[in-house]
$ cat final-v2.txt   # compact mmCIF, C-alpha atoms
# COMPACT_ATOMS: atom_id res chain seq x y z
CA MET A 6 -37.70 -8.71 70.95
CA THR A 7 -34.33 -8.02 69.47
CA GLU A 8 -33.82 -7.05 65.87
CA ARG A 9 -32.00 -10.33 65.35
CA GLY A 10 -35.01 -12.25 66.59
CA VAL A 11 -37.20 -10.46 64.09
CA PHE A 12 -34.76 -11.12 61.29
CA SER A 13 -34.43 -14.82 62.04
CA ALA A 14 -38.22 -15.09 62.22
CA TRP A 15 -38.43 -13.35 58.85
CA ARG A 16 -35.96 -15.80 57.40
CA ALA A 17 -37.62 -18.83 59.01
CA MET A 18 -40.98 -17.86 57.55
CA LEU A 19 -39.43 -17.30 54.12
CA VAL A 20 -37.69 -20.68 54.16
CA ARG A 21 -40.84 -22.35 55.43
CA ASP A 22 -43.03 -20.98 52.65
CA ILE A 23 -40.51 -21.76 49.93
CA THR A 24 -40.10 -25.32 51.28
CA LEU A 25 -43.88 -25.72 51.30
CA ALA A 26 -44.12 -24.45 47.73
CA MET A 27 -41.42 -26.90 46.65
CA ARG A 28 -43.35 -29.78 48.23
CA ARG A 29 -46.48 -28.72 46.36
CA ARG A 30 -44.83 -28.00 43.06
CA ALA A 31 -48.04 -28.61 41.11
CA ASP A 32 -49.51 -25.34 42.42
CA VAL A 33 -46.52 -23.33 41.29
CA LEU A 34 -46.40 -24.98 37.89
CA THR A 35 -50.13 -24.49 37.31
CA SER A 36 -49.92 -20.71 37.33
CA LEU A 37 -46.75 -20.80 35.25
CA PHE A 38 -48.38 -22.94 32.57
CA PHE A 39 -51.44 -20.72 32.72
CA PHE A 40 -49.19 -17.76 31.90
CA LEU A 41 -47.59 -19.65 28.99
CA ILE A 42 -50.86 -20.84 27.53
CA VAL A 43 -52.76 -17.55 27.80
CA VAL A 44 -49.98 -15.72 25.94
CA SER A 45 -49.74 -18.49 23.34
CA LEU A 46 -53.46 -18.19 22.58
CA PHE A 47 -53.08 -14.68 21.15
CA PRO A 48 -51.19 -15.56 17.95
CA LEU A 49 -53.92 -18.15 17.32
CA GLY A 50 -56.82 -15.89 18.17
CA VAL A 51 -55.75 -12.45 16.97
CA SER A 52 -53.34 -12.84 14.09
CA PRO A 53 -50.09 -14.63 13.37
CA GLU A 54 -48.75 -11.41 11.71
CA MET A 55 -45.55 -10.40 13.51
CA ALA A 56 -46.31 -6.70 13.08
CA VAL A 57 -49.66 -7.07 14.84
CA LEU A 58 -48.27 -9.28 17.57
CA ARG A 59 -45.34 -6.96 18.23
CA GLY A 60 -47.79 -4.15 18.88
CA ILE A 61 -49.87 -6.03 21.41
CA ALA A 62 -47.01 -8.05 22.97
CA PRO A 63 -46.36 -5.89 26.08
CA GLY A 64 -50.05 -5.65 26.91
CA VAL A 65 -50.73 -9.33 26.37
CA ILE A 66 -47.77 -10.49 28.44
CA TRP A 67 -48.55 -8.04 31.22
CA VAL A 68 -52.24 -8.97 31.41
CA ALA A 69 -51.36 -12.66 31.44
CA ALA A 70 -48.86 -11.98 34.24
CA LEU A 71 -51.54 -10.16 36.25
CA LEU A 72 -53.93 -13.07 35.94
CA ALA A 73 -51.27 -15.69 36.63
CA SER A 74 -50.02 -13.97 39.77
CA MET A 75 -53.61 -13.71 40.96
CA LEU A 76 -54.23 -17.43 40.53
CA SER A 77 -51.88 -18.27 43.34
CA LEU A 78 -53.11 -15.52 45.69
CA GLY A 79 -55.92 -17.64 47.10
CA ARG A 80 -53.46 -19.95 48.80
CA LEU A 81 -51.29 -17.24 50.28
CA PHE A 82 -53.05 -17.37 53.65
CA SER A 83 -55.88 -19.87 53.29
CA ASP A 84 -53.85 -23.00 54.05
CA ASP A 85 -52.33 -21.39 57.12
CA TYR A 86 -55.80 -20.26 58.15
CA GLN A 87 -57.22 -23.76 57.93
CA ASP A 88 -54.47 -25.64 59.74
CA GLY A 89 -54.11 -23.11 62.53
CA SER A 90 -50.65 -21.86 61.57
CA LEU A 91 -52.07 -18.40 61.00
CA GLU A 92 -53.30 -18.19 64.59
CA GLN A 93 -49.85 -19.20 65.75
CA MET A 94 -48.34 -16.57 63.45
CA LEU A 95 -50.56 -13.89 65.00
CA LEU A 96 -49.32 -14.92 68.45
CA LEU A 97 -45.63 -14.62 67.66
CA PRO A 98 -43.67 -11.99 69.53
CA HIS A 99 -42.83 -10.16 66.31
CA PRO A 100 -44.58 -7.43 64.34
CA LEU A 101 -47.11 -9.19 62.13
CA SER A 102 -46.31 -6.94 59.17
CA VAL A 103 -42.73 -8.26 59.10
CA LEU A 104 -44.01 -11.83 58.88
CA VAL A 105 -46.48 -10.80 56.21
CA LEU A 106 -43.67 -9.23 54.21
CA SER A 107 -41.77 -12.50 54.53
CA LYS A 108 -44.73 -14.52 53.27
CA VAL A 109 -45.27 -12.12 50.38
CA SER A 110 -41.58 -12.29 49.47
CA ALA A 111 -41.80 -16.08 49.37
CA HIS A 112 -44.96 -15.83 47.28
CA TRP A 113 -43.20 -13.56 44.81
CA LEU A 114 -40.13 -15.80 44.64
CA VAL A 115 -42.19 -18.85 43.72
CA SER A 116 -44.93 -17.26 41.62
CA GLY A 117 -43.70 -13.84 40.42
CA LEU A 118 -40.04 -14.38 39.66
CA PRO A 119 -40.69 -17.40 37.39
CA LEU A 120 -42.98 -15.17 35.30
CA VAL A 121 -40.17 -12.65 34.90
CA LEU A 122 -37.74 -15.38 33.90
CA LEU A 123 -40.18 -16.90 31.44
CA SER A 124 -41.16 -13.61 29.80
CA PRO A 125 -38.23 -13.47 27.28
CA VAL A 126 -39.45 -16.68 25.66
CA LEU A 127 -42.93 -15.25 25.28
CA GLY A 128 -41.52 -11.91 24.14
CA LEU A 129 -39.64 -13.73 21.37
CA GLN A 130 -42.77 -15.62 20.44
CA LEU A 131 -44.63 -12.34 19.98
CA GLY A 132 -41.82 -10.78 17.98
CA LEU A 133 -40.30 -8.33 20.46
CA ASP A 134 -36.70 -7.35 19.76
CA GLY A 135 -33.84 -7.64 22.22
CA ASP A 136 -34.25 -4.19 23.77
CA GLY A 137 -37.99 -4.68 24.05
CA ILE A 138 -37.51 -7.98 25.83
CA ALA A 139 -34.98 -6.52 28.26
CA LEU A 140 -37.35 -3.68 29.03
CA LEU A 141 -40.27 -6.08 29.44
CA MET A 142 -38.28 -8.12 31.95
CA LEU A 143 -37.30 -4.99 33.84
CA THR A 144 -40.89 -3.76 34.11
CA LEU A 145 -42.06 -7.21 35.23
CA LEU A 146 -39.24 -7.35 37.76
CA LEU A 147 -40.42 -4.06 39.26
CA GLY A 148 -44.11 -4.73 38.79
CA THR A 149 -44.74 -8.33 39.87
CA PRO A 150 -43.67 -7.71 43.50
CA VAL A 151 -46.24 -4.89 43.58
CA LEU A 152 -48.85 -7.37 42.37
CA SER A 153 -47.96 -9.81 45.17
CA LEU A 154 -48.03 -7.02 47.76
CA ILE A 155 -51.37 -5.56 46.69
CA GLY A 156 -52.75 -9.06 46.27
CA SER A 157 -51.85 -9.98 49.84
CA VAL A 158 -54.23 -7.30 51.14
CA GLY A 159 -57.06 -8.77 49.06
CA ALA A 160 -56.18 -12.32 50.08
CA ALA A 161 -56.19 -11.35 53.76
CA LEU A 162 -59.51 -9.52 53.48
CA THR A 163 -61.28 -12.43 51.77
CA LEU A 164 -59.90 -15.07 54.12
CA GLY A 165 -62.57 -17.53 55.19
CA VAL A 166 -65.15 -15.96 52.90
CA ARG A 167 -67.09 -18.35 50.68
CA GLY A 168 -66.09 -17.85 47.05
CA GLY A 169 -63.10 -15.84 48.23
CA GLY A 170 -61.16 -16.71 45.07
CA VAL A 171 -63.47 -14.78 42.78
CA LEU A 172 -63.96 -12.00 45.27
CA VAL A 173 -60.23 -11.45 45.55
CA SER A 174 -60.00 -10.87 41.78
CA LEU A 175 -62.77 -8.28 41.93
CA LEU A 176 -61.02 -6.52 44.80
CA VAL A 177 -57.52 -6.67 43.49
CA LEU A 178 -57.70 -6.36 39.70
CA PRO A 179 -58.78 -2.68 39.72
CA LEU A 180 -55.83 -1.92 41.99
CA TYR A 181 -53.49 -3.60 39.50
CA ILE A 182 -54.46 -1.11 36.77
CA PRO A 183 -51.77 1.54 37.46
CA VAL A 184 -49.07 -1.12 37.44
CA LEU A 185 -50.41 -2.46 34.16
CA ILE A 186 -50.57 1.00 32.55
CA PHE A 187 -47.03 2.00 33.45
CA GLY A 188 -45.61 -1.48 32.87
CA THR A 189 -46.90 -1.72 29.31
CA GLY A 190 -46.36 2.01 28.77
CA ALA A 191 -42.64 1.70 29.47
CA VAL A 192 -42.21 -1.17 26.99
CA ASP A 193 -44.31 0.60 24.33
CA ALA A 194 -42.31 3.79 24.75
CA GLY A 195 -39.02 1.90 24.67
CA THR A 196 -39.82 -0.06 21.52
CA SER A 197 -40.92 3.09 19.69
CA GLY A 198 -37.73 4.89 20.66
CA MET A 199 -39.17 7.26 23.25
CA SER A 200 -38.02 7.90 26.79
CA PHE A 201 -39.28 5.35 29.31
CA GLU A 202 -37.49 6.48 32.49
CA GLY A 203 -40.62 8.16 33.78
CA GLN A 204 -42.70 4.99 33.70
CA LEU A 205 -39.91 2.96 35.29
CA SER A 206 -39.50 5.51 38.07
CA LEU A 207 -43.21 5.36 38.75
CA LEU A 208 -43.12 1.56 38.87
CA GLY A 209 -40.24 1.82 41.33
CA ALA A 210 -42.24 4.28 43.40
CA PHE A 211 -45.22 1.91 43.40
CA LEU A 212 -42.95 -0.86 44.62
CA VAL A 213 -41.57 1.18 47.49
CA ALA A 214 -44.99 2.46 48.52
CA ALA A 215 -46.54 -1.03 48.33
CA ALA A 216 -43.66 -2.61 50.26
CA VAL A 217 -44.19 -0.13 53.09
CA LEU A 218 -47.97 0.08 53.18
CA ALA A 219 -49.30 -3.28 51.99
CA PRO A 220 -47.84 -5.39 54.84
CA LEU A 221 -49.42 -3.06 57.40
CA ALA A 222 -52.80 -3.25 55.68
CA THR A 223 -52.50 -7.02 55.28
CA ALA A 224 -51.60 -7.46 58.95
CA ALA A 225 -54.64 -5.44 60.01
CA ALA A 226 -56.87 -7.42 57.63
CA LEU A 227 -55.52 -10.73 58.96
CA ARG A 228 -56.32 -9.79 62.55
CA ILE A 229 -59.89 -9.02 61.51
CA SER A 230 -60.28 -12.18 59.43
CA VAL A 231 -58.96 -14.51 62.13
CA GLU A 232 -61.30 -13.06 64.72
CA MET B 2 -38.37 -1.28 81.48
CA SER B 3 -37.43 1.50 83.83
CA THR B 4 -40.65 3.48 83.59
CA GLY B 5 -42.81 2.36 86.47
CA THR B 6 -46.20 1.05 85.51
CA ILE B 7 -49.05 2.13 87.69
CA GLY B 8 -50.38 -0.60 89.93
CA ILE B 9 -47.26 -2.73 90.02
CA ASP B 10 -44.85 -2.75 92.86
CA PRO B 11 -41.43 -2.99 91.18
CA SER B 12 -39.88 -4.37 94.36
CA ARG B 13 -41.86 -7.59 94.01
CA GLU B 14 -39.65 -10.51 93.24
CA GLY B 15 -39.62 -13.30 90.72
CA ASN B 16 -42.68 -14.05 88.73
CA GLY B 17 -44.99 -12.29 91.13
CA ASP B 18 -45.66 -9.46 88.72
CA GLN B 19 -46.42 -11.73 85.79
CA MET B 20 -50.06 -11.99 86.46
CA LEU B 21 -53.06 -12.31 84.26
CA GLU B 22 -56.13 -10.34 85.10
CA VAL B 23 -59.42 -10.42 83.25
CA ARG B 24 -61.84 -7.63 84.01
CA ASP B 25 -65.54 -7.52 83.17
CA LEU B 26 -65.06 -9.40 79.97
CA GLU B 27 -67.97 -9.65 77.59
CA CYS B 28 -68.01 -11.75 74.46
CA VAL B 29 -70.53 -11.54 71.67
CA ARG B 30 -70.65 -13.90 68.70
CA GLY B 31 -73.08 -12.81 66.02
CA ASP B 32 -76.20 -11.63 67.88
CA HIS B 33 -75.59 -13.95 70.77
CA ARG B 34 -73.97 -12.84 74.01
CA LEU B 35 -71.82 -15.72 75.21
CA PHE B 36 -70.87 -14.28 78.56
CA SER B 37 -70.54 -10.90 80.21
CA GLY B 38 -69.10 -9.41 83.37
CA LEU B 39 -66.52 -12.18 83.59
CA SER B 40 -63.60 -11.41 85.89
CA PHE B 41 -60.83 -13.59 87.21
CA SER B 42 -57.12 -13.48 87.77
CA LEU B 43 -54.27 -15.92 87.68
CA GLN B 44 -50.94 -15.93 89.53
CA ALA B 45 -47.69 -17.72 88.87
CA GLY B 46 -47.98 -21.43 89.63
CA GLU B 47 -51.74 -21.45 89.28
CA LEU B 48 -53.95 -23.46 86.98
CA LEU B 49 -57.25 -22.26 85.64
CA TYR B 50 -59.76 -24.89 84.67
CA LEU B 51 -62.39 -23.54 82.35
CA ARG B 52 -65.70 -25.39 82.42
CA GLY B 53 -68.79 -25.02 80.34
CA SER B 54 -71.10 -26.88 77.99
CA ASN B 55 -70.69 -26.87 74.22
CA GLY B 56 -71.20 -23.40 72.83
CA SER B 57 -70.80 -21.68 76.18
CA GLY B 58 -67.87 -19.65 74.86
CA LYS B 59 -64.84 -21.52 76.17
CA THR B 60 -62.87 -21.24 72.96
CA SER B 61 -63.95 -17.62 72.52
CA LEU B 62 -62.74 -16.83 76.02
CA LEU B 63 -59.39 -18.53 75.41
CA ARG B 64 -58.97 -16.69 72.12
CA THR B 65 -59.86 -13.40 73.75
CA VAL B 66 -57.36 -14.02 76.53
CA CYS B 67 -54.71 -14.72 73.87
CA GLY B 68 -55.56 -11.52 72.05
CA LEU B 69 -56.83 -13.24 68.91
CA MET B 70 -60.31 -11.87 69.51
CA GLU B 71 -61.35 -8.40 70.55
CA PRO B 72 -63.65 -8.47 73.60
CA ALA B 73 -67.00 -6.70 73.22
CA ALA B 74 -66.34 -5.09 76.59
CA GLY B 75 -63.80 -5.36 79.38
CA GLU B 76 -60.09 -5.94 79.16
CA VAL B 77 -57.35 -8.49 79.62
CA LEU B 78 -54.34 -7.32 81.61
CA TRP B 79 -50.91 -8.90 81.73
CA ALA B 80 -48.65 -7.64 84.49
CA GLY B 81 -51.06 -4.78 84.98
CA ARG B 82 -51.12 -3.56 81.39
CA ASN B 83 -53.66 -4.18 78.68
CA ILE B 84 -52.39 -6.90 76.35
CA ARG B 85 -53.26 -4.73 73.32
CA LYS B 86 -50.62 -2.25 74.41
CA GLN B 87 -47.82 -4.78 74.79
CA ARG B 88 -48.55 -7.39 72.16
CA ASP B 89 -44.97 -8.51 71.58
CA GLU B 90 -44.08 -8.81 75.28
CA TYR B 91 -47.30 -10.65 76.03
CA HIS B 92 -46.97 -13.04 73.12
CA ASN B 93 -43.42 -13.75 74.16
CA ALA B 94 -44.80 -15.06 77.45
CA LEU B 95 -47.67 -16.97 75.88
CA THR B 96 -48.16 -20.29 74.15
CA TYR B 97 -51.50 -21.20 72.66
CA LEU B 98 -52.63 -24.63 71.60
CA GLY B 99 -55.91 -24.40 69.75
CA HIS B 100 -58.44 -26.83 68.32
CA VAL B 101 -56.29 -27.19 65.23
CA ASN B 102 -52.68 -28.10 65.77
CA GLY B 103 -51.02 -25.40 63.73
CA ILE B 104 -48.65 -27.83 62.06
CA LYS B 105 -48.00 -28.19 58.36
CA GLY B 106 -48.89 -31.52 56.75
CA GLU B 107 -46.23 -31.21 54.06
CA LEU B 108 -43.43 -30.69 56.56
CA THR B 109 -41.99 -33.38 58.80
CA ALA B 110 -42.52 -33.29 62.53
CA PHE B 111 -38.92 -32.20 62.97
CA GLU B 112 -39.19 -29.39 60.41
CA ASN B 113 -42.43 -28.19 61.96
CA LEU B 114 -40.79 -27.85 65.35
CA ARG B 115 -37.57 -26.34 64.05
CA ILE B 116 -39.53 -23.65 62.24
CA ALA B 117 -41.80 -23.05 65.24
CA CYS B 118 -38.69 -22.56 67.41
CA ALA B 119 -37.06 -20.18 64.94
CA LEU B 120 -40.25 -18.16 64.68
CA SER B 121 -40.72 -17.78 68.42
CA ALA B 122 -36.99 -17.18 68.97
CA ILE B 123 -36.58 -20.32 71.08
CA ALA B 124 -32.95 -21.40 71.19
CA ALA B 125 -33.48 -25.14 70.75
CA THR B 126 -30.82 -27.30 69.13
CA ASP B 127 -31.67 -30.11 66.73
CA ASP B 128 -31.01 -32.56 69.55
CA ASP B 129 -33.50 -30.75 71.79
CA ILE B 130 -36.11 -31.13 69.08
CA TYR B 131 -35.39 -34.84 68.57
CA ASP B 132 -35.54 -35.33 72.35
CA ALA B 133 -38.88 -33.56 72.57
CA LEU B 134 -40.29 -35.71 69.76
CA ALA B 135 -38.98 -38.87 71.40
CA GLU B 136 -40.55 -37.80 74.66
CA VAL B 137 -44.01 -37.47 73.13
CA GLY B 138 -43.60 -40.91 71.61
CA LEU B 139 -42.76 -39.97 68.05
CA GLY B 140 -39.25 -41.41 68.05
CA GLY B 141 -38.52 -42.85 64.62
CA ARG B 142 -41.26 -40.82 62.98
CA GLU B 143 -39.50 -37.46 63.12
CA ASP B 144 -38.81 -37.37 59.41
CA LEU B 145 -42.23 -38.35 58.10
CA PRO B 146 -44.47 -35.67 56.65
CA THR B 147 -47.02 -35.02 59.38
CA GLN B 148 -49.89 -35.56 56.95
CA VAL B 149 -49.26 -39.32 57.09
CA LEU B 150 -49.45 -39.32 60.90
CA SER B 151 -52.65 -40.17 62.76
CA GLN B 152 -54.78 -37.51 64.43
CA GLY B 153 -53.36 -38.35 67.84
CA GLN B 154 -49.79 -38.30 66.54
CA LYS B 155 -50.34 -34.87 65.01
CA ARG B 156 -51.59 -33.70 68.38
CA ARG B 157 -48.40 -35.07 69.91
CA VAL B 158 -46.34 -32.95 67.53
CA ALA B 159 -48.21 -29.92 68.84
CA LEU B 160 -47.49 -31.10 72.39
CA ALA B 161 -43.80 -31.38 71.59
CA ARG B 162 -44.00 -27.69 70.80
CA LEU B 163 -45.19 -27.14 74.38
CA LEU B 164 -42.20 -29.13 75.66
CA LEU B 165 -39.83 -26.81 73.84
CA SER B 166 -41.73 -23.66 74.66
CA GLU B 167 -40.16 -21.16 77.02
CA ALA B 168 -43.43 -19.36 77.61
CA THR B 169 -44.77 -18.75 81.11
CA PHE B 170 -48.43 -18.82 80.27
CA TRP B 171 -49.97 -21.78 78.49
CA VAL B 172 -53.41 -21.48 77.00
CA LEU B 173 -54.68 -24.91 75.99
CA ASP B 174 -57.94 -25.48 74.18
CA GLU B 175 -59.07 -29.10 74.60
CA PRO B 176 -55.47 -30.31 74.76
CA PHE B 177 -56.47 -33.91 75.52
CA THR B 178 -58.57 -34.54 72.41
CA ALA B 179 -57.38 -37.44 70.25
CA LEU B 180 -54.75 -38.47 72.80
CA ASP B 181 -54.57 -41.98 74.25
CA VAL B 182 -54.54 -42.71 77.98
CA GLY B 183 -50.76 -42.70 78.23
CA ALA B 184 -50.41 -39.39 76.41
CA VAL B 185 -53.14 -37.80 78.53
CA ALA B 186 -51.25 -38.75 81.70
CA GLN B 187 -48.03 -37.47 80.17
CA LEU B 188 -49.56 -34.13 79.26
CA ALA B 189 -51.07 -33.82 82.74
CA LYS B 190 -47.54 -34.34 84.15
CA LEU B 191 -46.15 -31.81 81.73
CA ILE B 192 -48.64 -29.20 82.91
CA GLU B 193 -47.87 -30.06 86.56
CA GLY B 194 -44.17 -29.62 85.93
CA HIS B 195 -44.79 -26.31 84.20
CA LEU B 196 -46.81 -25.02 87.16
CA GLN B 197 -44.18 -26.16 89.64
CA LYS B 198 -41.61 -24.12 87.78
CA GLY B 199 -43.76 -21.07 88.37
CA GLY B 200 -45.64 -21.18 85.09
CA MET B 201 -49.32 -20.55 84.60
CA ALA B 202 -51.84 -22.46 82.55
CA MET B 203 -55.42 -22.13 81.49
CA PHE B 204 -57.22 -25.00 79.84
CA THR B 205 -60.52 -26.50 78.94
CA THR B 206 -61.44 -30.16 78.60
CA HIS B 207 -64.44 -32.44 78.69
CA GLN B 208 -62.36 -35.32 79.96
CA ALA B 209 -61.77 -36.13 83.60
CA VAL B 210 -58.11 -35.36 84.13
CA ASP B 211 -56.21 -35.28 87.35
CA ILE B 212 -53.74 -32.42 87.52
CA ARG B 213 -52.18 -31.56 90.84
CA ALA B 214 -51.30 -27.94 91.20
CA GLY B 215 -50.65 -25.53 94.03
CA ALA B 216 -53.86 -23.71 93.30
CA VAL B 217 -56.55 -24.69 90.86
CA ARG B 218 -59.11 -22.09 89.99
CA GLU B 219 -62.28 -22.86 88.19
CA VAL B 220 -64.34 -20.69 85.94
CA ASN B 221 -67.69 -22.07 84.90
CA LEU B 222 -69.24 -20.33 81.93
CA ASP B 223 -72.60 -22.07 82.45
CA SER B 224 -73.33 -20.35 85.73
$ encode --input "final-v2.txt" --output "structure tokens"
Amino acid sequence: MTERGVFSAWRAMLVRDITLAMRRRADVLTSLFFFLIVVSLFPLGVSPEMAVLRGIAPGVIWVAALLASMLSLGRLFSDDYQDGSLEQMLLLPHPLSVLVLSKVSAHWLVSGLPLVLLSPVLGLQLGLDGDGIALLMLTLLLGTPVLSLIGSVGAALTLGVRGGGVLVSLLVLPLYIPVLIFGTGAVDAGTSGMSFEGQLSLLGAFLVAAAVLAPLATAAALRISVE
Amino acid sequence: MSTGTIGIDPSREGNGDQMLEVRDLECVRGDHRLFSGLSFSLQAGELLYLRGSNGSGKTSLLRTVCGLMEPAAGEVLWAGRNIRKQRDEYHNALTYLGHVNGIKGELTAFENLRIACALSAIAATDDDIYDALAEVGLGGREDLPTQVLSQGQKRRVALARLLLSEATFWVLDEPFTALDVGAVAQLAKLIEGHLQKGGMAMFTTHQAVDIRAGAVREVNLDS
């Protein structure tokens, strides 16, 4: 197959998944509202004091983003698995990892990117200042694609397993920990006037490593699950 | 491909070298051995009719031949090479129609086919797609989400994919299910035409269908 064939397949898959997400908007909105509501619970449950909220803001928003991006993972492959599209995908004359990367990109565009775009509102609500909010967005922009990539491996491994939704959280959440640590660490460092380049570089490194390795692992897991 | 593959005479013409060979295949599901020591081959223009009772392993065999399932033993060769070693080339020559249609309920019939073509790098224009849908009797329903179509109509969308396919080797798992008499005859004709053009097909069905082909082979998994 030519490189052009692979690229047009990549694009076709991306367009397909985004179109599907737009036709099932409820699914996308559910995880977005989940994100909003979880973060909004903290001022009610912990303390309405701005000083307290400002301290926990990066952690709260990041944890909520982890959970929200995981909500939509279950559907990443399961619909395709049930209606036979996944079998057809496995039989395409293109490397499976490229198609997986396309599906994960679509997943991030409809479930990760909205979290990034919504985060300034929540940052304001929890009393972060302008620089803090900018930094929070930047870490989420680097971090949420990693979440989608790592999550795709878990989603592929638990395909067709009963109670796969819960299982995928058990598999994937521990792997999200480094992203969480460096994501919140960068914002904390930034808001207290320290250097945060190190954490951002590490997040970038995670992204590159996940983008290279996760599609390969996901492709292998899909072949096993479909069998 | 300039490097000569062992066992193939490069001077052979046409589709002669595009041959499927199954050697000593064994399939195990759970603790149960479905079949073992199964060998057959298929040449251009030939049809393979797979028989067997429910649970005899027909679908497993078809999936193994496609490369979706790993055989417990034995190998599947395409043009003399194991399909595992040439996945992209093999899948380029293959079309599989499984139990489930592989179409998206939220997308229209037209969108389903357009995406399927783009994914398999088939150069079909929009008109080709509309023609294919009209030919399978879905004219006027091209722009309905396929989830509102009946079971048989969904199957017809999957058949339209066969019409557009440029693959040489068709693997069809119960292709006649849910189709009415007219559509069954039409699909039988479609397979005949494909074989006449030098294609190959392998299928399983419980219905009595009359397909004329140059050579029909039969594999019975019950015996």
$ residues_around --input "final-v2.txt" --residues "Val103 (chain A)" --least-positions-apart "3" --cutoff "10 Å" --atoms "only C-alpha atoms" --output "PDB file with C-alpha atoms, keeping the file's coordinate frame"
ATOM      1  CA  VAL A  11     -37.200 -10.460  64.090  1.00  0.00           C
ATOM      2  CA  PHE A  12     -34.760 -11.120  61.290  1.00  0.00           C
ATOM      3  CA  ALA A  14     -38.220 -15.090  62.220  1.00  0.00           C
ATOM      4  CA  TRP A  15     -38.430 -13.350  58.850  1.00  0.00           C
ATOM      5  CA  MET A  18     -40.980 -17.860  57.550  1.00  0.00           C
ATOM      6  CA  HIS A  99     -42.830 -10.160  66.310  1.00  0.00           C
ATOM      7  CA  PRO A 100     -44.580  -7.430  64.340  1.00  0.00           C
ATOM      8  CA  LEU A 106     -43.670  -9.230  54.210  1.00  0.00           C
ATOM      9  CA  SER A 107     -41.770 -12.500  54.530  1.00  0.00           C
ATOM     10  CA  LYS A 108     -44.730 -14.520  53.270  1.00  0.00           C
ATOM     11  CA  VAL A 109     -45.270 -12.120  50.380  1.00  0.00           C
ATOM     12  CA  PRO A 220     -47.840  -5.390  54.840  1.00  0.00           C
ATOM     13  CA  LEU A 221     -49.420  -3.060  57.400  1.00  0.00           C
ATOM     14  CA  ALA A 224     -51.600  -7.460  58.950  1.00  0.00           C
TER      15      ALA A 224
END
$ residues_around --input "final-v2.txt" --residues "Ile229 (chain A)" --least-positions-apart "2" --cutoff "12 Å" --atoms "all atoms listed in the file" --output "NGL selection string"
(:A and (92 or 95 or 158 or 161-165 or 222-227 or 231-232)) or (:B and (68-71))
$ closest_atom_pairs --input "final-v2.txt" --of "chain B" --to "chain A" --cutoff "7 Å" --atoms "all atoms listed in the file" --output "tab-separated table"
residue	atom	partner	partner_atom	distance
B:Leu69	CA	A:Glu232	CA	6.1
B:Met70	CA	A:Glu232	CA	5.0
B:Asp89	CA	A:Pro98	CA	4.2
B:Glu90	CA	A:Pro98	CA	6.6
B:His92	CA	A:Pro98	CA	5.0
B:Asn93	CA	A:Pro98	CA	5.0
B:Val101	CA	A:Gly89	CA	5.4
B:Asn102	CA	A:Gly89	CA	6.1
B:Gly103	CA	A:Gly89	CA	4.0
B:Ile104	CA	A:Ser90	CA	6.3
B:Glu107	CA	A:Leu25	CA	6.6
B:Ile116	CA	A:Ala17	CA	6.1
B:Ala119	CA	A:Ala14	CA	5.9
B:Leu120	CA	A:Ala14	CA	4.4
B:Ser121	CA	A:Leu97	CA	5.9
B:Ala122	CA	A:Gly10	CA	5.8
$ residues_around --input "final-v2.txt" --residues "Pro146 (chain B)" --least-positions-apart "3" --cutoff "7 Å" --atoms "all atoms listed in the file" --output "JSON, numbers by chain"
{"B": [106, 107, 108, 109, 110, 149]}
$ write_last_selection --input "final-v2.txt" --atoms "C-alpha atoms" --output "short mmCIF file (atom, residue, chain, number, x, y, z; two decimals), in the frame of the given file"
data_model
loop_
_atom_site.label_atom_id
_atom_site.label_comp_id
_atom_site.auth_asym_id
_atom_site.auth_seq_id
_atom_site.Cartn_x
_atom_site.Cartn_y
_atom_site.Cartn_z
CA GLY B 106 -48.89 -31.52 56.75
CA GLU B 107 -46.23 -31.21 54.06
CA LEU B 108 -43.43 -30.69 56.56
CA THR B 109 -41.99 -33.38 58.80
CA ALA B 110 -42.52 -33.29 62.53
CA VAL B 149 -49.26 -39.32 57.09
#
$ atom_distance --input "final-v2.txt" --atom1 "CA of Leu207 (chain A)" --atom2 "CA of Ser74 (chain A)"
20.5 Å
$ atom_distance --input "final-v2.txt" --atom1 "CA of Ser40 (chain B)" --atom2 "CA of Gly200 (chain B)"
20.5 Å
$ atom_distance --input "final-v2.txt" --atom1 "CA of Leu218 (chain A)" --atom2 "CA of Gly188 (chain A)"
20.5 Å
$ residues_near_point --input "final-v2.txt" --point "(-50.3, -15.1, 19.2)" --cutoff "12 Å" --atoms "all atoms listed in the file" --output "PyMOL selection string"
chain A and resi 41-62+65-66+127-132
$ residues_around --input "final-v2.txt" --residues "Ala168 (chain B)" --least-positions-apart "6" --cutoff "7 Å" --atoms "only C-alpha atoms" --output "NGL selection string"
:B and (93-96)
$ residues_near_point --input "final-v2.txt" --point "(-58.5, -18.4, 72.8)" --cutoff "9 Å" --atoms "all atoms listed in the file" --output "short mmCIF file (atom, residue, chain, number, x, y, z; two decimals) with C-alpha atoms, keeping the file's coordinate frame"
data_model
loop_
_atom_site.label_atom_id
_atom_site.label_comp_id
_atom_site.auth_asym_id
_atom_site.auth_seq_id
_atom_site.Cartn_x
_atom_site.Cartn_y
_atom_site.Cartn_z
CA LYS B 59 -64.84 -21.52 76.17
CA THR B 60 -62.87 -21.24 72.96
CA SER B 61 -63.95 -17.62 72.52
CA LEU B 62 -62.74 -16.83 76.02
CA LEU B 63 -59.39 -18.53 75.41
CA ARG B 64 -58.97 -16.69 72.12
CA THR B 65 -59.86 -13.40 73.75
CA VAL B 66 -57.36 -14.02 76.53
CA CYS B 67 -54.71 -14.72 73.87
CA GLY B 68 -55.56 -11.52 72.05
CA LEU B 69 -56.83 -13.24 68.91
CA MET B 70 -60.31 -11.87 69.51
CA TYR B 97 -51.50 -21.20 72.66
CA LEU B 98 -52.63 -24.63 71.60
CA GLY B 99 -55.91 -24.40 69.75
CA VAL B 172 -53.41 -21.48 77.00
CA LEU B 173 -54.68 -24.91 75.99
CA ASP B 174 -57.94 -25.48 74.18
#
